[in-house]
Amino acid sequence: MHEWALAEAIVEYVKDAVGGHRKIKRLVVALGELQSIDEEILRFSITEILKSEGMSIDDLQLIEEEAVLRCRRCGHEWSLKEVSLDEEIRELIHFVPEAVHSYLKCPKCGSRDFEVVKGRGVKIVEVVAE
Amino acid sequence: MHEWALAEAIVEYVKDAVGGHRKIKRLVVALGELQSIDEEILRFSITEILKSEGMSIDDLQLIEEEAVLRCRRCGHEWSLKEVSLDEEIRELIHFVPEAVHSYLKCPKCGSRDFEVVKGRGVKIVEVVAE
Amino acid sequence: MSSAYIPLDEDFRVSVIGRRLGGVKRILPVMSSKGGVGKTLVSVSLALALSDLGRKVGLLDLDITNPSAHVALGMKLKDLPEEEKGVKPPEVGGVEFMTIAYYTKDNPTPLRGWEIDNAVREILAITIWGELDYLLIDTPPGMSDELLDVITFFKPAEPLVVATNSPLAIKSVERLLKLLKEELTVKGVVENMASGASSLVKDLCTAHSVSYLGAIGFDPQIDSKLGSLEGIKSSSFFRDVTRIARKL
Amino acid sequence: MSSAYIPLDEDFRVSVIGRRLGGVKRILPVMSSKGGVGKTLVSVSLALALSDLGRKVGLLDLDITNPSAHVALGMKLKDLPEEEKGVKPPEVGGVEFMTIAYYTKDNPTPLRGWEIDNAVREILAITIWGELDYLLIDTPPGMSDELLDVITFFKPAEPLVVATNSPLAIKSVERLLKLLKEELTVKGVVENMASGASSLVKDLCTAHSVSYLGAIGFDPQIDSKLGSLEGIKSSSFFRDVTRIARKL
Ligand SMILES: Nc1ncnc2c1ncn2[C@@H]1O[C@H](COP(=O)(O)OP(=O)(O)O)[C@@H](O)[C@H]1O
Ligand SMILES: Nc1ncnc2c1ncn2[C@@H]1O[C@H](COP(=O)(O)OP(=O)(O)O)[C@@H](O)[C@H]1O
Ligand SMILES: [Mg+2]
Ligand SMILES: [Mg+2]
Ligand SMILES: [Mg+2]
Ligand SMILES: [Mg+2]
Ligand code: NI
Ligand code: NI
Ligand SMILES: [Zn+2]
Ligand SMILES: [Zn+2]
């Protein structure tokens with residue numbers, strides 16, 4: 001349930017973004033595949049925290065973003081489907097996505113000098129106040 | 001005259017970029033203000049080196065790019081006009097532009113945690129083979 | 001380009017960092033651009049010493065690509081920290097201890113600078129510290145992402161700078177003091193592996209108008225005591241650190 | 001975002017690096033993720049020792065945010081290197097020596113990772129090495145940009161890994177060996193500040209199937225000799241390094 005902590009950060013950010021507004025019309029949050037965020041828990045947490053702040057939300061969109069990784073050494077791009085990451089390791093990456101460099105290598109050249117081009121973690125895409 | 005070394009790198013890159021072509025139609029190189037590249041020396045060097053490789057060029061465009069710096073701490077954006085950099089220090093930055101962090105601070109908040117957003121150094125903008 | 005540093009005001013994680021540190025009375029990053037001067041041993045021992053003196057203490061290892069505070073503390077990295085509306089730093093020797101090593105498990109973890117910065121922001125956003133009198137931060141050598149992030153995210157930080165009387169360390173620490181003094185107030189300098197014969201570190205403090213907080217003598221036994229809390233606490237290193245802890 | 005790493009195949013500077021290193025027979029990066037184990041002293045002394053043995057030697061300080069090889073060598077940083085179709089590394093004690101400190105002049109130079117990477121590429125593109133039997137590279141601790149760039153740009157590199165028998169150093173070196181062996185052949189491990197009593201470093205070599213290249217004893221005089229070539233060469237440290245140099 002560390003999703004709650006991320007939800008607190010999201011709400012903190014949203015509060016700033018909408019100024020004094022109490023009603024959020026739309027909030028779009030991308031969930032990068034690498035971090036395996038529990039969508040339902042995050043949705044619940046954001047809604048609860050907004051409520052406790054006396055705020056409401058019409059439309060909370062959580063959209064999944066596929067992870068794309070690219071090797072800085074050889075240029076190869078790949079997705080998580082191409083590699084195997086067991087449940088236990090996914091759990092570690094869930095907390096700090098950069099830990100992926102401890103467990104994965106480029107499937108083409110074997111280097112750990114790769115980057116997560118897309119789908120690392122949580123990202124706010126859009127906030128619209130009433 | 002370390003511009004010669006950069007010209008060698010540019011030609012090496014261009015040779016790759018145009019495959020086996022011997023005639024370059026257009027080469028556009030941006031010269032970031034921060035690095036104070038001597039335009040005439042660079043032009044001379046590129047032309048000479050191309051010639052020595054049995055290659056020719058129609059149109060060599062060297063365009064100046066103003067430097068823009070942005071403070072990572074306070075967000076302030078500034079240009080080199082806003083600060084003073086004497087000749088001696090410009091010479092040091094000429095060789096390794098990152099040395100700018102040894103000599104400049106954000107004019108607004110005093111932090112050295114700023115980045116060169118634009119106009120750092122030499123950059124190839126366009127290569128067109130015949 | 002994808003590999004960019006996210007501007008502070010565009011990163012939702014940054015918005016919550018102030019609140020996460022809200023219950024912390026004093027933040028003491030242990031710093032030195034020179035490696036091997038004793039940052040990790042000083043931060044670990046200082047945390048244990050302050051806890052023994054009855055203070056509530058947290059310890060955060062921010063040496064992201066080479067964490068080693070857990071090795072000094074003898075943590076086995078078997079279990080993950082508890083989750084409860086965030087990550088609760090496990091307790092060791094009375095100290096709330098957080099490290100990326102819980103997740104990287106002593107595997108090589110090569111990270112480019114922007115990845116280090118990303119990991120730091122993530123850790124700061126999800127770690128739920130209790131009410132603390134002191135948060136000690138172990139930092140890596142060099143003058144790059146972790147160090148700049150410490151200056152950015154921990155306010156007001158009171159850096160403890162560790163120096164030895166090696167000329168290479170003196171030069172590095174000089175550069176660091178110059179940088180730190182531009183942005184914040186340095187708590188002081190700790191001299192480590194002090195021999196008594198050299199006054200280089202004291203002279204450095206005078207030259208840069210920072211406090212000399214005390215000396216830790218060379219302790220030939222310390223390496224053999226690492227990994228055990230009782231071992232560390234029985235060392236002359238720890239006795240010297242405790243003397244410094246009383247002054248903070 | 002502006003703060004991005006330039007992909008290798010989009011950076012014109014990268015195209016010339018191979019040629020710049022074309023006259024170099026062997027490239028020996030001196031590495032250790034642990035700070036303070038002696039990387040800088042080993043690389044400096046090894047360069048001087050190999051030169052004394054009649055080899056053509058270059059030395060490159062790639063500890064970009066905390067360069068210190070020039071301090072050990074006693075370079076004053078007054079003059080800029082000569083320019084002649086590039087930058088000619090000045091000679092010191094028979095060694096061609098290149099460092100960013102010629103340009104940063106012992107000022108604090110905090111750089112984010114992508115800036116370090118940029119500086120490394122720039123230096124490699126403009127430095128004109130002579131014909132060299134050996135190019136030694138001093139590297140920083142940690143496992144970030146400089147280290148990854150060494151693996152990327154220097155091929156084939158034969159890393160010399162420096163270790164001490166401190167448990168923290170052993171753990172760091174273990175992670176480094178694991179990483180290096182994934183990508184290249186490690187030349188071997190140098191044990192520094194060896195006491196004779198501990199076999200931790202030898203055991204590490206056995207466990208990871210890398211050569212143990214020899215030991216450098218603890219030299220209580222070495223700090224007082226830094227900054228002078230004659231000083232360094234008269235040390236027991238240098239005598240031990242020379243023994244290792246003969247084996248390379
Ligand atoms: N006071 C001391 N006496 C003896 N050895 C010490 C002392 N302080 C540090 N050391 C040695 O230095 C090594 C590096 O210390 P460490 O705390 O890891 O430095 P840093 O974190 O600055 O890299 C330790 O493992 C130990 O061997
Ligand atoms: N063999 C040795 N005997 C005594 N002291 C040493 C020895 N090797 C290194 N040192 C000490 O360790 C310090 C750090 O060495 P340095 O080469 O700068 O390490 P690194 O480059 O790995 O950080 C030196 O300034 C010196 O004080
Ligand atoms: Mg440390
Ligand atoms: Mg540490
Ligand atoms: Mg060094
Ligand atoms: Mg160095
Ligand atoms: Ni969770
Ligand atoms: Ni020039
Ligand atoms: Zn690859
Ligand atoms: Zn600023």
# chains A, B, ... in the order shown; residues from 1 in each chain; ligands from 1
$ interface_residues --of "chain C" --to "chain A" --cutoff "9 Å" --atoms "only C-alpha atoms" --output "ChimeraX atom specification"
/C:1-3,9-17,80,83-87,100,102-112,115-116,118-119,122-123,125-128
$ write_last_selection --atoms "C-alpha atoms" --output "short mmCIF file (atom, residue, chain, number, x, y, z; two decimals), in the first residue's frame"
data_model
loop_
_atom_site.label_atom_id
_atom_site.label_comp_id
_atom_site.auth_asym_id
_atom_site.auth_seq_id
_atom_site.Cartn_x
_atom_site.Cartn_y
_atom_site.Cartn_z
CA MET C 1 14.84 13.02 -25.53
CA SER C 2 13.49 10.79 -22.88
CA SER C 3 16.41 10.87 -20.51
CA ASP C 9 7.81 22.19 -10.45
CA GLU C 10 6.62 19.56 -12.91
CA ASP C 11 7.33 16.58 -10.63
CA PHE C 12 4.43 15.60 -8.40
CA ARG C 13 6.80 13.70 -6.09
CA VAL C 14 8.61 16.88 -5.20
CA SER C 15 5.38 18.42 -3.87
CA VAL C 16 5.24 15.98 -0.97
CA ILE C 17 8.90 15.99 0.12
CA LEU C 80 11.31 -5.54 2.59
CA GLU C 83 4.33 -0.64 3.94
CA GLU C 84 1.79 1.52 5.65
CA LYS C 85 0.60 4.45 3.66
CA GLY C 86 4.17 4.52 2.42
CA VAL C 87 7.44 2.87 3.37
CA ILE C 100 17.98 1.78 -1.73
CA TYR C 102 16.48 -2.92 0.29
CA TYR C 103 15.50 -2.97 -3.39
CA THR C 104 18.80 -3.43 -5.22
CA LYS C 105 20.03 -6.17 -2.85
CA ASP C 106 23.78 -5.75 -3.34
CA ASN C 107 23.56 -6.26 -7.07
CA PRO C 108 25.56 -3.89 -9.25
CA THR C 109 23.29 -0.93 -9.97
CA PRO C 110 24.91 1.34 -12.52
CA LEU C 111 22.78 4.43 -12.90
CA ARG C 112 23.24 7.53 -15.00
CA GLU C 115 18.36 7.97 -12.90
CA ILE C 116 20.02 8.66 -9.55
CA ASN C 118 14.86 9.98 -10.11
CA ALA C 119 15.58 7.34 -7.46
CA GLU C 122 11.10 8.49 -5.40
CA ILE C 123 12.66 7.49 -2.08
CA ALA C 125 8.38 10.82 -1.69
CA ILE C 126 7.52 7.40 -0.31
CA THR C 127 9.51 7.21 2.93
CA ILE C 128 7.46 7.93 6.03
#
$ select_by_dssp --residues "chain C" --states "strand (DSSP E)" --output "count of residues only"
44
$ residues_around --residues "segment 206-216 of chain D" --least-positions-apart "2" --cutoff "7 Å" --atoms "only C-alpha atoms" --output "list in words"
Val186, Lys187, Gly188, Val189, Val190, Glu191, Asn192, Met193, Ala194, Lys202, Asp203, Leu204, Phe218, Phe237, Asp240, Val241 and Ile244 of chain D
$ interface_residues --of "chain C" --to "chain D" --cutoff "9 Å" --atoms "only C-alpha atoms" --output "VMD selection string"
chain C and resid 1 to 6 33 to 37 63 to 69 71 to 72 106 to 116 140 to 145 147 to 148 165 to 169 171 to 172 174 to 179 223 to 224 226 to 227
$ write_last_selection --atoms "C-alpha atoms" --output "JSON list (two decimals), in the first residue's frame"
[["chain", "number", "residue", "atom", "x", "y", "z"],
["C", 1, "MET", "CA", 14.84, 13.02, -25.53],
["C", 2, "SER", "CA", 13.49, 10.79, -22.88],
["C", 3, "SER", "CA", 16.41, 10.87, -20.51],
["C", 4, "ALA", "CA", 15.72, 14.24, -19.00],
["C", 5, "TYR", "CA", 15.71, 15.60, -15.51],
["C", 6, "ILE", "CA", 12.14, 16.51, -14.63],
["C", 33, "SER", "CA", 33.74, 15.02, -2.10],
["C", 34, "LYS", "CA", 36.67, 12.75, -1.26],
["C", 35, "GLY", "CA", 35.89, 9.06, -1.00],
["C", 36, "GLY", "CA", 37.06, 6.85, 1.81],
["C", 37, "VAL", "CA", 37.38, 9.57, 4.42],
["C", 63, "ASP", "CA", 24.97, 6.76, -1.86],
["C", 64, "ILE", "CA", 22.63, 5.39, -4.52],
["C", 65, "THR", "CA", 25.07, 3.46, -6.74],
["C", 66, "ASN", "CA", 27.30, 2.27, -3.92],
["C", 67, "PRO", "CA", 25.23, 1.97, -0.76],
["C", 68, "SER", "CA", 27.20, 0.59, 2.16],
["C", 69, "ALA", "CA", 25.63, 1.83, 5.41],
["C", 71, "VAL", "CA", 26.97, -3.39, 5.42],
["C", 72, "ALA", "CA", 28.39, -1.42, 8.34],
["C", 106, "ASP", "CA", 23.78, -5.75, -3.34],
["C", 107, "ASN", "CA", 23.56, -6.26, -7.07],
["C", 108, "PRO", "CA", 25.56, -3.89, -9.25],
["C", 109, "THR", "CA", 23.29, -0.93, -9.97],
["C", 110, "PRO", "CA", 24.91, 1.34, -12.52],
["C", 111, "LEU", "CA", 22.78, 4.43, -12.90],
["C", 112, "ARG", "CA", 23.24, 7.53, -15.00],
["C", 113, "GLY", "CA", 22.86, 10.84, -13.17],
["C", 114, "TRP", "CA", 19.23, 11.49, -14.10],
["C", 115, "GLU", "CA", 18.36, 7.97, -12.90],
["C", 116, "ILE", "CA", 20.02, 8.66, -9.55],
["C", 140, "PRO", "CA", 28.59, 9.60, -1.91],
["C", 141, "PRO", "CA", 31.89, 11.22, -2.88],
["C", 142, "GLY", "CA", 32.16, 13.49, -5.91],
["C", 143, "MET", "CA", 30.02, 16.53, -6.62],
["C", 144, "SER", "CA", 27.16, 15.33, -8.71],
["C", 145, "ASP", "CA", 23.53, 14.32, -8.53],
["C", 147, "LEU", "CA", 25.01, 15.97, -3.56],
["C", 148, "LEU", "CA", 23.05, 18.53, -5.56],
["C", 165, "ASN", "CA", 44.73, 15.32, 6.61],
["C", 166, "SER", "CA", 45.62, 13.79, 3.24],
["C", 167, "PRO", "CA", 46.43, 16.56, 0.74],
["C", 168, "LEU", "CA", 43.98, 15.03, -1.75],
["C", 169, "ALA", "CA", 41.18, 15.10, 0.81],
["C", 171, "LYS", "CA", 41.79, 19.85, -1.76],
["C", 172, "SER", "CA", 38.44, 18.10, -2.30],
["C", 174, "GLU", "CA", 38.10, 22.89, 0.13],
["C", 175, "ARG", "CA", 36.11, 22.80, -3.10],
["C", 176, "LEU", "CA", 33.11, 21.34, -1.25],
["C", 177, "LEU", "CA", 33.16, 23.98, 1.50],
["C", 178, "LYS", "CA", 33.27, 26.68, -1.13],
["C", 179, "LEU", "CA", 30.21, 25.21, -2.83],
["C", 223, "ASP", "CA", 37.09, -2.85, 10.09],
["C", 224, "SER", "CA", 36.88, -6.05, 12.10],
["C", 226, "LEU", "CA", 31.77, -3.61, 11.13],
["C", 227, "GLY", "CA", 28.57, -5.57, 10.66]]
$ residues_around --residues "Arg120 of chain A" --least-positions-apart "4" --cutoff "9 Å" --atoms "only C-alpha atoms" --output "ChimeraX atom specification"
/A:31-35,65-68,97-98,116
$ write_last_selection --atoms "C-alpha atoms" --output "PDB file, in the first residue's frame"
ATOM      1  CA  LEU A  31       0.922   4.450 -14.806  1.00  0.00           C
ATOM      2  CA  GLY A  32       4.182   3.193 -16.231  1.00  0.00           C
ATOM      3  CA  GLU A  33       4.217  -0.565 -16.612  1.00  0.00           C
ATOM      4  CA  LEU A  34       7.638  -0.921 -14.956  1.00  0.00           C
ATOM      5  CA  GLN A  35       6.358   0.194 -11.560  1.00  0.00           C
ATOM      6  CA  GLU A  65       1.771   3.125 -20.288  1.00  0.00           C
ATOM      7  CA  GLU A  66       3.751   0.267 -21.705  1.00  0.00           C
ATOM      8  CA  ALA A  67       7.411   0.210 -20.716  1.00  0.00           C
ATOM      9  CA  VAL A  68       9.997   0.757 -23.445  1.00  0.00           C
ATOM     10  CA  PRO A  97      11.904   1.648 -10.557  1.00  0.00           C
ATOM     11  CA  GLU A  98      15.607   2.399 -11.031  1.00  0.00           C
ATOM     12  CA  VAL A 116      13.703   3.468 -19.511  1.00  0.00           C
TER      13      VAL A 116
END
$ residues_around --residues "Glu82 of chain A" --least-positions-apart "3" --cutoff "8 Å" --atoms "only C-alpha atoms" --output "PyMOL selection string"
chain A and resi 78-79+107
$ select_by_dssp --residues "chain B" --states "helix (DSSP H, G or I)" --output "PyMOL selection string"
chain B and resi 3-17+33-35+39-52+80-82+87-95+97-103
$ atom_distance --atom1 "atom CA of Ser228 of chain D" --atom2 "atom CA of Met31 of chain D"
23.7 Å
$ residues_around --residues "segment 48-59 of chain B" --least-positions-apart "3" --cutoff "6 Å" --atoms "only C-alpha atoms" --output "NGL selection string"
:B and (22-26 or 45)
$ write_last_selection --atoms "N, CA, C and O atoms" --output "compact mmCIF listing (two decimals), in the first residue's frame"
# COMPACT_ATOMS: atom_id res chain seq x y z
N ARG B 22 30.78 11.36 -52.20
CA ARG B 22 31.99 12.20 -52.13
C ARG B 22 31.64 13.69 -52.12
O ARG B 22 32.47 14.52 -51.81
N LYS B 23 30.42 13.97 -52.56
CA LYS B 23 30.03 15.38 -52.64
C LYS B 23 28.98 15.70 -51.59
O LYS B 23 27.92 15.06 -51.56
N ILE B 24 29.27 16.68 -50.77
CA ILE B 24 28.29 17.13 -49.78
C ILE B 24 27.58 18.34 -50.37
O ILE B 24 28.22 19.29 -50.79
N LYS B 25 26.27 18.26 -50.39
CA LYS B 25 25.52 19.40 -50.91
C LYS B 25 25.43 20.49 -49.84
O LYS B 25 25.78 21.64 -50.06
N ARG B 26 25.00 20.07 -48.64
CA ARG B 26 24.86 21.08 -47.59
C ARG B 26 25.22 20.48 -46.24
O ARG B 26 24.84 19.36 -45.90
N SER B 45 39.07 24.57 -41.38
CA SER B 45 39.45 23.20 -41.02
C SER B 45 38.55 22.17 -41.69
O SER B 45 39.02 21.18 -42.27
$ residues_near_ligand --ligand "ligand 10" --cutoff "9 Å" --atoms "only C-alpha atoms and all ligand atoms" --output "PyMOL selection string"
chain B and resi 70-77+105-114
$ atom_distance --atom1 "atom CA of Val24 of chain C" --atom2 "atom CA of Pro156 of chain C"
10.6 Å
$ residues_around --residues "Leu48 of chain D" --least-positions-apart "2" --cutoff "9 Å" --atoms "only C-alpha atoms" --output "list in words"
Ser43, Val44, Ser45, Leu46, Leu50, Ser51, Asp52, Leu53, Val57, Val92, Gly93, Gly94, Val95, Leu229, Lys233, Phe238 and Thr242 of chain D
$ write_last_selection --atoms "N, CA, C and O atoms" --output "JSON list (two decimals), in the first residue's frame"
[["chain", "number", "residue", "atom", "x", "y", "z"],
["D", 43, "SER", "N", 47.01, 5.02, -10.01],
["D", 43, "SER", "CA", 47.13, 5.37, -11.44],
["D", 43, "SER", "C", 48.30, 6.32, -11.67],
["D", 43, "SER", "O", 49.07, 6.14, -12.64],
["D", 44, "VAL", "N", 48.47, 7.28, -10.80],
["D", 44, "VAL", "CA", 49.59, 8.21, -10.94],
["D", 44, "VAL", "C", 50.93, 7.46, -10.82],
["D", 44, "VAL", "O", 51.83, 7.62, -11.66],
["D", 45, "SER", "N", 51.07, 6.63, -9.81],
["D", 45, "SER", "CA", 52.35, 5.95, -9.58],
["D", 45, "SER", "C", 52.63, 4.92, -10.68],
["D", 45, "SER", "O", 53.77, 4.74, -11.11],
["D", 46, "LEU", "N", 51.58, 4.25, -11.10],
["D", 46, "LEU", "CA", 51.75, 3.26, -12.16],
["D", 46, "LEU", "C", 52.20, 3.94, -13.45],
["D", 46, "LEU", "O", 53.07, 3.43, -14.18],
["D", 50, "LEU", "N", 55.73, 2.96, -15.08],
["D", 50, "LEU", "CA", 55.82, 2.41, -16.44],
["D", 50, "LEU", "C", 56.71, 3.30, -17.31],
["D", 50, "LEU", "O", 57.47, 2.81, -18.15],
["D", 51, "SER", "N", 56.62, 4.60, -17.10],
["D", 51, "SER", "CA", 57.47, 5.52, -17.85],
["D", 51, "SER", "C", 58.94, 5.29, -17.48],
["D", 51, "SER", "O", 59.81, 5.23, -18.35],
["D", 52, "ASP", "N", 59.21, 5.13, -16.21],
["D", 52, "ASP", "CA", 60.58, 4.83, -15.76],
["D", 52, "ASP", "C", 61.09, 3.52, -16.37],
["D", 52, "ASP", "O", 62.29, 3.34, -16.57],
["D", 53, "LEU", "N", 60.16, 2.61, -16.63],
["D", 53, "LEU", "CA", 60.55, 1.33, -17.24],
["D", 53, "LEU", "C", 60.71, 1.45, -18.75],
["D", 53, "LEU", "O", 60.88, 0.46, -19.45],
["D", 57, "VAL", "N", 53.77, 6.50, -21.96],
["D", 57, "VAL", "CA", 52.60, 6.40, -21.10],
["D", 57, "VAL", "C", 51.75, 7.67, -21.12],
["D", 57, "VAL", "O", 52.29, 8.78, -21.13],
["D", 92, "VAL", "N", 54.45, 15.33, -17.79],
["D", 92, "VAL", "CA", 54.94, 15.45, -16.41],
["D", 92, "VAL", "C", 55.61, 14.12, -16.05],
["D", 92, "VAL", "O", 55.00, 13.06, -16.18],
["D", 93, "GLY", "N", 56.87, 14.21, -15.66],
["D", 93, "GLY", "CA", 57.62, 13.00, -15.32],
["D", 93, "GLY", "C", 57.62, 11.98, -16.45],
["D", 93, "GLY", "O", 57.56, 10.77, -16.20],
["D", 94, "GLY", "N", 57.63, 12.46, -17.69],
["D", 94, "GLY", "CA", 57.65, 11.56, -18.83],
["D", 94, "GLY", "C", 56.28, 11.05, -19.25],
["D", 94, "GLY", "O", 56.16, 10.30, -20.21],
["D", 95, "VAL", "N", 55.24, 11.48, -18.54],
["D", 95, "VAL", "CA", 53.88, 10.98, -18.80],
["D", 95, "VAL", "C", 53.03, 12.08, -19.46],
["D", 95, "VAL", "O", 53.04, 13.23, -19.01],
["D", 229, "LEU", "N", 57.37, 14.68, -7.62],
["D", 229, "LEU", "CA", 57.66, 13.44, -8.34],
["D", 229, "LEU", "C", 58.77, 12.66, -7.65],
["D", 229, "LEU", "O", 58.71, 11.44, -7.52],
["D", 233, "LYS", "N", 58.48, 8.96, -6.01],
["D", 233, "LYS", "CA", 59.36, 7.88, -6.49],
["D", 233, "LYS", "C", 60.26, 7.33, -5.40],
["D", 233, "LYS", "O", 60.82, 6.23, -5.55],
["D", 238, "PHE", "N", 55.66, 3.52, -4.08],
["D", 238, "PHE", "CA", 56.12, 3.47, -5.47],
["D", 238, "PHE", "C", 56.91, 2.18, -5.76],
["D", 238, "PHE", "O", 56.80, 1.60, -6.84],
["D", 242, "THR", "N", 55.85, -0.37, -8.60],
["D", 242, "THR", "CA", 56.77, -0.75, -9.68],
["D", 242, "THR", "C", 56.79, -2.26, -9.87],
["D", 242, "THR", "O", 56.85, -2.77, -11.00]]
$ closest_residue --among "C:Ala245, C:Leu77, C:Leu8, C:Leu136" --to "Thr152 of chain C" --atoms "only C-alpha atoms"
C:Leu8
